[in-house]
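Structure first, commentary second.
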Amino acid sequence: MVKTTKKVKKEKPSKTPLKKVKGVLAKEFVFAEDNNESRALYNQSRFGEPKDGKFTYSLCEGLFLLEKKKMTLTDSKKAKVSVDLFIKRAKKVEPNFWIRYCAFRDMRSRGYIVKTALKFGADFRVYDRGVKPGEDHAKWILYPVHEGEVMTLYEFSAKNRVAHSTRKNLLLAIVDGEGDVTYYSIAWTRP
């Protein structure tokens, strides 16, 4: 008796890339519908915040996704928004936008999740690599500062107090004229 075997094809997982998220640039935020693309982006790397059937993105998140070609943007009049136009409009809303964005982009490019920290009185909260918001707490409070900016001892102390009171380390991001970022971590220590 001769046995015959059938070759069974293994199905490979689909590698079709998701379509770009379609966002709308409002004054201080970017909004997108709650759909497969925005939900997948959120689940994968925590971009945006789901709320009331939509996703809300900070201006930094919106520009980062636009630059990475993961999002297309229009304004409220359905006109396409380019990177240059986005930056121009964001600077009108937040004069310090470019400095903040340089630090945001650098941290996201290094694999950290960066979210706004307005409720803490800071620019950003930063989660350690592999940690997603909701699973654990942020490790740092991040303050981007231009290299030519002067910070008084009182301002520095206030930033340090916010970090300490929220049980996070203070991370200063010094942004130079070319957009490169140097970080300084400040932590409390007991003698």
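Letters for chains follow the order of the structure tokens (A, B, ...), residue numbers begin at 1 for each chain, and ligand numbers begin at 1 in the order shown.
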
Compile a residue-level contact table for region 12-116 of chain A against region 125-141 of chain A at a cut-off of 12 Å, reporting for every qualifying residue the shortest atom pair and its distance in Å to one decimal, with only C-alpha atoms counted, rows ordered by chain and ascending number, as JSON lines.
{"residue": "A:Tyr42", "atom": "CA", "partner": "A:Lys132", "partner_atom": "CA", "distance": 10.2}
{"residue": "A:Asn43", "atom": "CA", "partner": "A:Lys132", "partner_atom": "CA", "distance": 9.3}
{"residue": "A:Gln44", "atom": "CA", "partner": "A:Lys132", "partner_atom": "CA", "distance": 9.4}
{"residue": "A:Ser45", "atom": "CA", "partner": "A:Lys132", "partner_atom": "CA", "distance": 7.7}
{"residue": "A:Arg46", "atom": "CA", "partner": "A:Lys132", "partner_atom": "CA", "distance": 6.9}
{"residue": "A:Phe47", "atom": "CA", "partner": "A:Pro133", "partner_atom": "CA", "distance": 10.4}
{"residue": "A:Gly48", "atom": "CA", "partner": "A:Pro133", "partner_atom": "CA", "distance": 11.2}
{"residue": "A:Glu49", "atom": "CA", "partner": "A:Pro133", "partner_atom": "CA", "distance": 10.5}
{"residue": "A:Ala103", "atom": "CA", "partner": "A:Val126", "partner_atom": "CA", "distance": 11.0}
{"residue": "A:Phe104", "atom": "CA", "partner": "A:Val126", "partner_atom": "CA", "distance": 9.4}
{"residue": "A:Asp106", "atom": "CA", "partner": "A:Val126", "partner_atom": "CA", "distance": 11.8}
{"residue": "A:Met107", "atom": "CA", "partner": "A:Val126", "partner_atom": "CA", "distance": 8.3}
{"residue": "A:Arg108", "atom": "CA", "partner": "A:Val126", "partner_atom": "CA", "distance": 9.4}
{"residue": "A:Ser109", "atom": "CA", "partner": "A:Arg129", "partner_atom": "CA", "distance": 11.2}
{"residue": "A:Arg110", "atom": "CA", "partner": "A:Arg129", "partner_atom": "CA", "distance": 8.6}
{"residue": "A:Gly111", "atom": "CA", "partner": "A:Arg129", "partner_atom": "CA", "distance": 5.9}
{"residue": "A:Tyr112", "atom": "CA", "partner": "A:Arg129", "partner_atom": "CA", "distance": 5.1}
{"residue": "A:Ile113", "atom": "CA", "partner": "A:Tyr127", "partner_atom": "CA", "distance": 5.3}
{"residue": "A:Val114", "atom": "CA", "partner": "A:Val126", "partner_atom": "CA", "distance": 4.7}
{"residue": "A:Lys115", "atom": "CA", "partner": "A:Arg125", "partner_atom": "CA", "distance": 5.4}
{"residue": "A:Thr116", "atom": "CA", "partner": "A:Arg125", "partner_atom": "CA", "distance": 6.0}

Compile the contact shell of Ala40 (chain A) as a list in words: residues with an atom at most 12 Å away, counting only C-alpha atoms, same-chain residues fewer than 5 positions apart removed.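 Selected residues are Pro17, Leu18, Lys19, Lys20, Val21, Asp34, Asn35, Ser45, Arg46, Phe47, Gly48, Pro50, Phe55 and Lys70 of chain A.
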
Put those residues in a file: C-alpha atoms, as a tab-separated table (two decimals), in the first residue's frame.
chain	number	residue	atom	x	y	z
A	17	PRO	CA	-0.44	48.05	5.10
A	18	LEU	CA	-3.25	50.00	6.67
A	19	LYS	CA	-4.46	53.06	4.88
A	20	LYS	CA	-3.39	56.42	6.22
A	21	VAL	CA	-5.46	58.00	8.93
A	34	ASP	CA	-12.72	56.20	14.96
A	35	ASN	CA	-12.03	53.58	12.27
A	45	SER	CA	1.80	52.95	19.47
A	46	ARG	CA	-0.76	55.00	21.41
A	47	PHE	CA	-1.11	57.90	19.00
A	48	GLY	CA	-4.17	59.99	19.80
A	50	PRO	CA	-10.24	57.96	21.64
A	55	PHE	CA	-9.64	60.31	17.92
A	70	LYS	CA	0.79	57.75	8.38

Taking 6 positions as the minimum chain separation for residues in the same chain, which residues sit within 9 Å of region 72-89 of chain A when counting only C-alpha atoms? Answer as a list of chain:residue names.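 Returned residues: A:Lys20, A:Val21, A:Lys22, A:Gly23, A:Val24, A:Leu25, A:Ala26, A:Lys27, A:Val30, A:Leu59, A:Gly62, A:Leu63, A:Leu65, A:Leu66, A:Phe97, A:Trp98.
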
Could you pull out the strand (DSSP E or B) residues of region 7-156 of chain A, going by DSSP on the backbone, and write them as a PyMOL selection string? chain A and resi 21-25+29-33+49-51+54-58+71-74+80+113-116+124-127+133+136+140-146

Please dump the current selection as a CSV table (one decimal), in the first residue's frame; keep C-alpha atoms.
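Contents of selection-v8.csv, freshly written:
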chain,number,residue,atom,x,y,z
A,21,VAL,CA,-5.5,58.0,8.9
A,22,LYS,CA,-7.5,60.9,7.5
A,23,GLY,CA,-7.2,63.8,9.9
A,24,VAL,CA,-8.7,67.3,10.1
A,25,LEU,CA,-6.6,70.1,11.5
A,29,PHE,CA,-5.9,69.6,17.7
A,30,VAL,CA,-6.1,67.1,14.9
A,31,PHE,CA,-9.3,65.0,14.8
A,32,ALA,CA,-9.9,61.7,13.0
A,33,GLU,CA,-12.8,59.3,12.8
A,49,GLU,CA,-6.9,59.6,22.4
A,50,PRO,CA,-10.2,58.0,21.6
A,51,LYS,CA,-13.3,60.0,22.8
A,54,LYS,CA,-13.4,60.2,17.3
A,55,PHE,CA,-9.6,60.3,17.9
A,56,THR,CA,-8.0,63.5,19.1
A,57,TYR,CA,-4.3,64.1,18.4
A,58,SER,CA,-2.1,66.8,19.8
A,71,MET,CA,-1.8,60.5,8.2
A,72,THR,CA,-3.2,62.8,5.6
A,73,LEU,CA,-4.6,66.2,6.7
A,74,THR,CA,-7.2,68.6,5.6
A,80,LYS,CA,-5.0,69.7,1.9
A,113,ILE,CA,5.6,57.2,24.0
A,114,VAL,CA,5.1,60.9,24.6
A,115,LYS,CA,1.8,62.4,25.7
A,116,THR,CA,0.8,65.9,26.7
A,124,PHE,CA,4.9,66.2,28.1
A,125,ARG,CA,4.9,63.0,30.0
A,126,VAL,CA,7.2,60.3,28.7
A,127,TYR,CA,6.7,56.5,29.1
A,133,PRO,CA,-0.3,54.7,28.9
A,136,ASP,CA,1.8,51.9,33.9
A,140,TRP,CA,9.5,61.4,33.2
A,141,ILE,CA,8.0,64.9,32.9
A,142,LEU,CA,9.6,66.5,29.9
A,143,TYR,CA,10.2,70.3,29.4
A,144,PRO,CA,11.6,71.3,26.0
A,145,VAL,CA,13.8,74.5,26.2
A,146,HIS,CA,15.6,76.3,23.4

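In this comparison, which uses only C-alpha atoms, the residue of A:Pro95, A:Gly177, A:Gly121, A:Gly53 approaching Arg161 (chain A) most closely is A:Gly121.
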
Would you mind reading off the distance between CA of Lys91 (chain A) and CA of Cys60 (chain A), one decimal, in Å?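 Calculated distance between CA of Lys91 (chain A) and CA of Cys60 (chain A) is 11.2 Å.
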
Between CA of His164 (chain A) and CA of Phe120 (chain A) - distance in Å to one decimal: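 About the pair CA of Phe120 (chain A) and CA of His164 (chain A): they are 10.9 Å apart.
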
Separation of CA of Asp180 (chain A) from CA of Ser157 (chain A), in Å and rounded to one decimal: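 One can read the CA of Asp180 (chain A) to CA of Ser157 (chain A) distance as 24.9 Å.
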
Excluding same-chain residues fewer than 4 positions from Thr182 (chain A), what lies within 7 Å of it counting only C-alpha atoms, as an MDAnalysis selection string? chainID A and resid 173:175

I need the chosen residues saved as a PDB file, in the first residue's frame, with C-alpha atoms.
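selection-v4.pdb written:
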ATOM      1  CA  ALA A 173      15.242  68.703  26.517  1.00  0.00           C
ATOM      2  CA  ILE A 174      17.666  71.375  25.304  1.00  0.00           C
ATOM      3  CA  VAL A 175      16.963  72.054  21.619  1.00  0.00           C
TER       4      VAL A 175
END

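Shortest separation to Ala90 (chain A) among A:Leu41, A:Glu28, A:Leu171, A:Leu153 occurs at residue A:Glu28, atoms counted being only C-alpha atoms.
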
Taking the DSSP assignment computed from this structure's backbone, write out as a ChimeraX atom specification all residues of chain A that belong to alpha helix (DSSP H). /A:36-45,59-67,83-93,97-109,153-165
